[in-house]
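First up is the structure itself, then whatever we jot down about it.
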Amino acid sequence: MVSDALRITVLGSATPFPRPGNACSGHLVEGGGVRVWVDAGTGTLAELQRYAALGDVDAVWISHLHADHSADLLTAYYGLLYAGLEVEVPVPLLGPAGIADRLAGFLTNGPDRSPVERAFAVQELYDGHVARVGGLTLRSRAVDHAGPDAFALRVEDEEGRSLVYSGDCEPCPSLVELARDCDLFVCEADGEVPGHHSAAQAGRSAAAAGAGRLVVTHVGAGVGPAEAVALAAAEFPGEVAHADPGARFEVTRRSRTPGRTTRSRASSR
């Protein structure tokens, strides 16, 4: 049974390809009686099954169509339709425009288009898209990722708890607006290059939004987890943690009064 408490579990945070012990970007969000798979990067389907069966996922949300955030939709398709699982299909899939045809392009092996819609009930995201999944509200905003359509996500439960996930994006007003006063902000830190945050920029975005806590994820090569936390903490006056694989973060209402920075890690499996 899914808890009503809101929490997020890190399935993977590697970039741009999976590493031993760390899949690409993916998260399991639980709360409001449901489970949502948020980003399905390479290797995350296997990690998902540490916590929930594929058939227990109530919806999937995809930030953008780069493989390190979406590739495991391909294997999930086969699991949903052809693995003999007890699963109710189609599973709601919320993602950027064209996601169904992108999947079909990979999955089709003959003259007939692969029946993607048998596995997934596709809803295409747009700026300001709102969806209700069980007791959770999912709000999506378009963000800047140097090319592809990309979205950030805010999840809110009926108790007013909130978490925000940046997807991949550079600092931009729409992300700060979406994250305004959120309880937990999960922000990528792939590097100070077009389309991404650095760890320091993640700290600045969290501070600008007035977030309660910050988790840096998807940290770029050459910057270790401890260094990324330190760089973000220099810019953000709240608690900062790194998205260790298997880390689980409970979302609680917290004071946002600026104060002494605390650096922490969440509990891991």
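Ordering of the structure tokens sets the chain letters (A, B, ...); residue numbers start at 1 within each chain; ligands are numbered from 1 in the order shown.
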
Open item on the list: Taking 5 positions as the minimum chain separation for residues in the same chain, which residues sit within 6 Å of Asp190 (chain A) when counting only C-alpha atoms? Answer as a list in words.
Closed with: His196, Ser198, His218, Val219 and Gly220 of chain A

Open item on the list: as number ranges by chain, please: every residue in region 135-262 of chain A that a backbone DSSP assignment puts in alpha helix (DSSP H).
Closed with: A: 173-178, 199-209, 225-233

TODO: Take CA of Cys24 (chain A) and CA of Tyr77 (chain A) and report the distance between them in Å, one decimal.
DONE: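 Taking CA of Cys24 (chain A) as the start and CA of Tyr77 (chain A) as the end point, the length is 18.2 Å.
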
- [ ] Would you return as a PyMOL selection string the members of region 72-238 of chain A that DSSP assigns to strand (DSSP E) on this structure's backbone?
- [x] chain A and resi 91-95+120-124+130-133+136-142+151-157+162-165+184-188+213-217

Open item on the list: When you count only C-alpha atoms, which of these residues is closest to Ser25 (chain A): A:Val122, A:Cys169, A:Ala83, A:Ala243?
Closed with: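 Between A:Val122, A:Cys169, A:Ala83, A:Ala243, the residue approaching Ser25 (chain A) most closely is A:Ala243.
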
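Taking CA of Ala226 (chain A) and CA of Leu214 (chain A) as endpoints, the distance between them is 13.8 Å.
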
Task: Ile62 (chain A) surroundings by only C-alpha atoms, 10 Å radius, close-in-sequence under 5 positions cut, as a list of chain:residue names - done: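 Neighbouring residues, sequence-local ones excluded: A:Gly26, A:Trp37, A:Val38, A:Asp39, A:Ala40, A:Gly41, A:His69, A:Ser70, A:Leu73, A:Leu93, A:Leu94, A:Gly95, A:Pro96, A:Ile99, A:Glu124, A:Leu125, A:Ala150, A:Phe151, A:Ala152, A:Leu153, A:Gly167.
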
Task: Proximity to Leu184 (chain A) - best of A:Asp112, A:Glu158, A:Asp127, A:Glu250, only C-alpha atoms - done: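 Closest residue, counting only C-alpha atoms: A:Glu250.
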
List as a PDB file with all heavy atoms, in the first residue's frame the protein and nucleic acid residues near Phe106 (chain A), meaning an atom at most 12 Å away when only C-alpha atoms are counted, but skip any in the same chain fewer than 2 places from it.
```pdb
ATOM      1  N   ALA A  67      18.002  10.579 -24.185  1.00  0.00           N
ATOM      2  CA  ALA A  67      17.976   9.185 -23.766  1.00  0.00           C
ATOM      3  C   ALA A  67      18.257   8.998 -22.286  1.00  0.00           C
ATOM      4  O   ALA A  67      17.713   8.079 -21.657  1.00  0.00           O
ATOM      5  CB  ALA A  67      18.976   8.371 -24.591  1.00  0.00           C
ATOM      6  N   ALA A  71      15.103   6.712 -22.022  1.00  0.00           N
ATOM      7  CA  ALA A  71      15.362   5.488 -22.791  1.00  0.00           C
ATOM      8  C   ALA A  71      14.673   4.252 -22.221  1.00  0.00           C
ATOM      9  O   ALA A  71      14.315   3.333 -22.970  1.00  0.00           O
ATOM     10  CB  ALA A  71      16.868   5.242 -22.887  1.00  0.00           C
ATOM     11  N   ASP A  72      14.475   4.184 -20.901  1.00  0.00           N
ATOM     12  CA  ASP A  72      13.875   2.975 -20.344  1.00  0.00           C
ATOM     13  C   ASP A  72      12.373   2.880 -20.586  1.00  0.00           C
ATOM     14  O   ASP A  72      11.754   1.873 -20.221  1.00  0.00           O
ATOM     15  CB  ASP A  72      14.192   2.870 -18.854  1.00  0.00           C
ATOM     16  CG  ASP A  72      15.469   2.068 -18.607  1.00  0.00           C
ATOM     17  OD1 ASP A  72      16.266   1.911 -19.557  1.00  0.00           O
ATOM     18  OD2 ASP A  72      15.684   1.605 -17.464  1.00  0.00           O
ATOM     19  N   LEU A  73      11.782   3.885 -21.225  1.00  0.00           N
ATOM     20  CA  LEU A  73      10.409   3.711 -21.701  1.00  0.00           C
ATOM     21  C   LEU A  73      10.320   2.581 -22.719  1.00  0.00           C
ATOM     22  O   LEU A  73       9.277   1.924 -22.830  1.00  0.00           O
ATOM     23  CB  LEU A  73       9.895   5.004 -22.335  1.00  0.00           C
ATOM     24  CG  LEU A  73       9.641   6.180 -21.393  1.00  0.00           C
ATOM     25  CD1 LEU A  73       9.250   7.413 -22.204  1.00  0.00           C
ATOM     26  CD2 LEU A  73       8.566   5.847 -20.371  1.00  0.00           C
ATOM     27  N   LEU A  74      11.399   2.356 -23.454  1.00  0.00           N
ATOM     28  CA  LEU A  74      11.390   1.307 -24.472  1.00  0.00           C
ATOM     29  C   LEU A  74      11.250  -0.065 -23.831  1.00  0.00           C
ATOM     30  O   LEU A  74      10.419  -0.887 -24.253  1.00  0.00           O
ATOM     31  CB  LEU A  74      12.667   1.382 -25.311  1.00  0.00           C
ATOM     32  CG  LEU A  74      12.907   2.710 -26.025  1.00  0.00           C
ATOM     33  CD1 LEU A  74      14.278   2.713 -26.707  1.00  0.00           C
ATOM     34  CD2 LEU A  74      11.814   2.983 -27.037  1.00  0.00           C
ATOM     35  N   THR A  75      12.035  -0.344 -22.812  1.00  0.00           N
ATOM     36  CA  THR A  75      11.930  -1.633 -22.144  1.00  0.00           C
ATOM     37  C   THR A  75      10.664  -1.714 -21.295  1.00  0.00           C
ATOM     38  O   THR A  75      10.093  -2.800 -21.128  1.00  0.00           O
ATOM     39  CB  THR A  75      13.172  -1.892 -21.280  1.00  0.00           C
ATOM     40  OG1 THR A  75      13.477  -0.718 -20.525  1.00  0.00           O
ATOM     41  CG2 THR A  75      14.365  -2.226 -22.156  1.00  0.00           C
ATOM     42  N   TYR A  77       7.833  -0.543 -22.198  1.00  0.00           N
ATOM     43  CA  TYR A  77       6.807  -0.915 -23.180  1.00  0.00           C
ATOM     44  C   TYR A  77       6.701  -2.434 -23.296  1.00  0.00           C
ATOM     45  O   TYR A  77       5.607  -3.015 -23.235  1.00  0.00           O
ATOM     46  CB  TYR A  77       7.161  -0.278 -24.528  1.00  0.00           C
ATOM     47  CG  TYR A  77       6.436  -0.838 -25.719  1.00  0.00           C
ATOM     48  CD1 TYR A  77       5.191  -0.355 -26.093  1.00  0.00           C
ATOM     49  CD2 TYR A  77       7.012  -1.855 -26.485  1.00  0.00           C
ATOM     50  CE1 TYR A  77       4.526  -0.863 -27.199  1.00  0.00           C
ATOM     51  CE2 TYR A  77       6.357  -2.367 -27.594  1.00  0.00           C
ATOM     52  CZ  TYR A  77       5.119  -1.873 -27.944  1.00  0.00           C
ATOM     53  OH  TYR A  77       4.473  -2.380 -29.042  1.00  0.00           O
ATOM     54  N   ILE A  99       6.312  12.487 -28.116  1.00  0.00           N
ATOM     55  CA  ILE A  99       6.899  11.366 -27.396  1.00  0.00           C
ATOM     56  C   ILE A  99       6.406  10.021 -27.919  1.00  0.00           C
ATOM     57  O   ILE A  99       7.182   9.059 -28.023  1.00  0.00           O
ATOM     58  CB  ILE A  99       6.653  11.505 -25.876  1.00  0.00           C
ATOM     59  CG1 ILE A  99       7.463  10.460 -25.106  1.00  0.00           C
ATOM     60  CG2 ILE A  99       5.181  11.454 -25.524  1.00  0.00           C
ATOM     61  CD1 ILE A  99       7.452  10.687 -23.605  1.00  0.00           C
ATOM     62  N   ALA A 100       5.139   9.914 -28.290  1.00  0.00           N
ATOM     63  CA  ALA A 100       4.618   8.637 -28.780  1.00  0.00           C
ATOM     64  C   ALA A 100       5.278   8.249 -30.098  1.00  0.00           C
ATOM     65  O   ALA A 100       5.678   7.094 -30.291  1.00  0.00           O
ATOM     66  CB  ALA A 100       3.098   8.711 -28.944  1.00  0.00           C
ATOM     67  N   ASP A 101       5.407   9.189 -31.018  1.00  0.00           N
ATOM     68  CA  ASP A 101       6.041   8.880 -32.299  1.00  0.00           C
ATOM     69  C   ASP A 101       7.527   8.593 -32.128  1.00  0.00           C
ATOM     70  O   ASP A 101       8.097   7.778 -32.861  1.00  0.00           O
ATOM     71  CB  ASP A 101       5.844  10.032 -33.274  1.00  0.00           C
ATOM     72  CG  ASP A 101       4.412  10.119 -33.787  1.00  0.00           C
ATOM     73  OD1 ASP A 101       3.683   9.107 -33.707  1.00  0.00           O
ATOM     74  OD2 ASP A 101       4.017  11.207 -34.262  1.00  0.00           O
ATOM     75  N   ARG A 102       8.179   9.255 -31.162  1.00  0.00           N
ATOM     76  CA  ARG A 102       9.588   8.954 -30.906  1.00  0.00           C
ATOM     77  C   ARG A 102       9.739   7.508 -30.438  1.00  0.00           C
ATOM     78  O   ARG A 102      10.622   6.778 -30.907  1.00  0.00           O
ATOM     79  CB  ARG A 102      10.134   9.911 -29.845  1.00  0.00           C
ATOM     80  CG  ARG A 102      11.570   9.612 -29.406  1.00  0.00           C
ATOM     81  CD  ARG A 102      12.575   9.950 -30.484  1.00  0.00           C
ATOM     82  NE  ARG A 102      12.668  11.372 -30.681  1.00  0.00           N
ATOM     83  CZ  ARG A 102      13.504  12.179 -30.012  1.00  0.00           C
ATOM     84  NH1 ARG A 102      14.310  11.672 -29.104  1.00  0.00           N
ATOM     85  NH2 ARG A 102      13.532  13.459 -30.277  1.00  0.00           N
ATOM     86  N   LEU A 103       8.876   7.070 -29.533  1.00  0.00           N
ATOM     87  CA  LEU A 103       8.932   5.692 -29.076  1.00  0.00           C
ATOM     88  C   LEU A 103       8.624   4.724 -30.213  1.00  0.00           C
ATOM     89  O   LEU A 103       9.301   3.706 -30.389  1.00  0.00           O
ATOM     90  CB  LEU A 103       7.942   5.476 -27.934  1.00  0.00           C
ATOM     91  CG  LEU A 103       8.250   6.177 -26.616  1.00  0.00           C
ATOM     92  CD1 LEU A 103       7.120   5.966 -25.625  1.00  0.00           C
ATOM     93  CD2 LEU A 103       9.566   5.685 -26.034  1.00  0.00           C
ATOM     94  N   ALA A 104       7.608   5.043 -30.989  1.00  0.00           N
ATOM     95  CA  ALA A 104       7.248   4.162 -32.109  1.00  0.00           C
ATOM     96  C   ALA A 104       8.388   4.054 -33.112  1.00  0.00           C
ATOM     97  O   ALA A 104       8.607   2.993 -33.705  1.00  0.00           O
ATOM     98  CB  ALA A 104       5.978   4.674 -32.790  1.00  0.00           C
ATOM     99  N   THR A 108       9.128   0.168 -33.751  1.00  0.00           N
ATOM    100  CA  THR A 108       8.529  -0.414 -34.947  1.00  0.00           C
ATOM    101  C   THR A 108       9.571  -1.188 -35.739  1.00  0.00           C
ATOM    102  O   THR A 108      10.638  -0.676 -36.066  1.00  0.00           O
ATOM    103  CB  THR A 108       7.896   0.682 -35.817  1.00  0.00           C
ATOM    104  OG1 THR A 108       6.870   1.327 -35.057  1.00  0.00           O
ATOM    105  CG2 THR A 108       7.295   0.091 -37.090  1.00  0.00           C
ATOM    106  N   ASN A 109       9.255  -2.451 -36.052  1.00  0.00           N
ATOM    107  CA  ASN A 109      10.199  -3.322 -36.761  1.00  0.00           C
ATOM    108  C   ASN A 109       9.625  -3.879 -38.056  1.00  0.00           C
ATOM    109  O   ASN A 109      10.141  -4.861 -38.583  1.00  0.00           O
ATOM    110  CB  ASN A 109      10.615  -4.490 -35.853  1.00  0.00           C
ATOM    111  CG  ASN A 109      11.406  -4.022 -34.654  1.00  0.00           C
ATOM    112  OD1 ASN A 109      12.404  -3.344 -34.797  1.00  0.00           O
ATOM    113  ND2 ASN A 109      10.952  -4.392 -33.465  1.00  0.00           N
ATOM    114  N   GLY A 110       8.582  -3.290 -38.574  1.00  0.00           N
ATOM    115  CA  GLY A 110       7.965  -3.772 -39.797  1.00  0.00           C
ATOM    116  C   GLY A 110       7.091  -2.697 -40.401  1.00  0.00           C
ATOM    117  O   GLY A 110       7.202  -1.515 -40.052  1.00  0.00           O
ATOM    118  N   ARG A 113       3.022   0.300 -37.571  1.00  0.00           N
ATOM    119  CA  ARG A 113       3.522   1.073 -36.434  1.00  0.00           C
ATOM    120  C   ARG A 113       3.320   0.311 -35.134  1.00  0.00           C
ATOM    121  O   ARG A 113       2.269  -0.268 -34.890  1.00  0.00           O
ATOM    122  CB  ARG A 113       2.792   2.411 -36.369  1.00  0.00           C
ATOM    123  CG  ARG A 113       3.240   3.363 -35.251  1.00  0.00           C
ATOM    124  CD  ARG A 113       2.384   4.620 -35.308  1.00  0.00           C
ATOM    125  NE  ARG A 113       2.750   5.634 -34.324  1.00  0.00           N
ATOM    126  CZ  ARG A 113       2.327   5.642 -33.061  1.00  0.00           C
ATOM    127  NH1 ARG A 113       1.517   4.679 -32.639  1.00  0.00           N
ATOM    128  NH2 ARG A 113       2.696   6.616 -32.237  1.00  0.00           N
ATOM    129  N   SER A 114       4.345   0.316 -34.294  1.00  0.00           N
ATOM    130  CA  SER A 114       4.252  -0.338 -32.999  1.00  0.00           C
ATOM    131  C   SER A 114       3.121   0.288 -32.183  1.00  0.00           C
ATOM    132  O   SER A 114       2.963   1.509 -32.169  1.00  0.00           O
ATOM    133  CB  SER A 114       5.581  -0.185 -32.259  1.00  0.00           C
ATOM    134  OG  SER A 114       5.549  -0.861 -31.030  1.00  0.00           O
ATOM    135  N   PRO A 115       2.323  -0.539 -31.491  1.00  0.00           N
ATOM    136  CA  PRO A 115       1.141  -0.023 -30.778  1.00  0.00           C
ATOM    137  C   PRO A 115       1.507   0.632 -29.445  1.00  0.00           C
ATOM    138  O   PRO A 115       1.125   0.170 -28.362  1.00  0.00           O
ATOM    139  CB  PRO A 115       0.287  -1.266 -30.585  1.00  0.00           C
ATOM    140  CG  PRO A 115       1.279  -2.376 -30.461  1.00  0.00           C
ATOM    141  CD  PRO A 115       2.397  -2.024 -31.407  1.00  0.00           C
ATOM    142  N   VAL A 116       2.221   1.723 -29.520  1.00  0.00           N
ATOM    143  CA  VAL A 116       2.671   2.422 -28.318  1.00  0.00           C
ATOM    144  C   VAL A 116       1.497   2.752 -27.405  1.00  0.00           C
ATOM    145  O   VAL A 116       1.579   2.633 -26.174  1.00  0.00           O
ATOM    146  CB  VAL A 116       3.426   3.707 -28.711  1.00  0.00           C
ATOM    147  CG1 VAL A 116       3.694   4.578 -27.494  1.00  0.00           C
ATOM    148  CG2 VAL A 116       4.718   3.361 -29.421  1.00  0.00           C
TER     149      VAL A 116
END
```

TODO: Name the residues in contact with Pro173 (chain A) at a cut-off of 10 Å, using only C-alpha atoms, excluding same-chain residues fewer than 2 positions from it; report them as a VMD selection string.
DONE: chain A and resid 143 to 144 170 to 171 175 to 179 205 208 to 209

Would you save the residues from that selection as a PDB file, in the first residue's frame, using C-alpha atoms?
```pdb
ATOM      1  CA  VAL A 143      12.201  25.465 -19.115  1.00  0.00           C
ATOM      2  CA  ASP A 144      15.321  26.324 -21.127  1.00  0.00           C
ATOM      3  CA  GLU A 170      19.707  26.322 -17.359  1.00  0.00           C
ATOM      4  CA  PRO A 171      18.671  28.950 -14.793  1.00  0.00           C
ATOM      5  CA  LEU A 175      11.877  27.359 -12.999  1.00  0.00           C
ATOM      6  CA  VAL A 176      12.140  29.828 -10.132  1.00  0.00           C
ATOM      7  CA  GLU A 177       8.435  30.608 -10.417  1.00  0.00           C
ATOM      8  CA  LEU A 178       7.529  26.915 -10.384  1.00  0.00           C
ATOM      9  CA  ALA A 179       9.760  26.253  -7.369  1.00  0.00           C
ATOM     10  CA  SER A 205      17.979  29.070  -8.165  1.00  0.00           C
ATOM     11  CA  ALA A 208      15.724  32.756  -5.494  1.00  0.00           C
ATOM     12  CA  ALA A 209      12.729  30.436  -5.200  1.00  0.00           C
TER      13      ALA A 209
END
```

- [ ] Write out as number ranges by chain which residues come within 9 Å of region 45-56 of chain A when counting only C-alpha atoms, dropping same-chain ones fewer than 3 positions away.
- [x] A: 9-12, 23, 26-28, 34-35, 37, 40-42, 72-73, 75-76, 79-80, 85-89, 91, 246

Open item on the list: So the first atom is CA of Leu138 (chain A) and the second is CA of Arg7 (chain A); what is the distance between them in Å, to one decimal place?
Closed with: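 Answer for the CA of Leu138 (chain A) to CA of Arg7 (chain A) separation: 14.0 Å.
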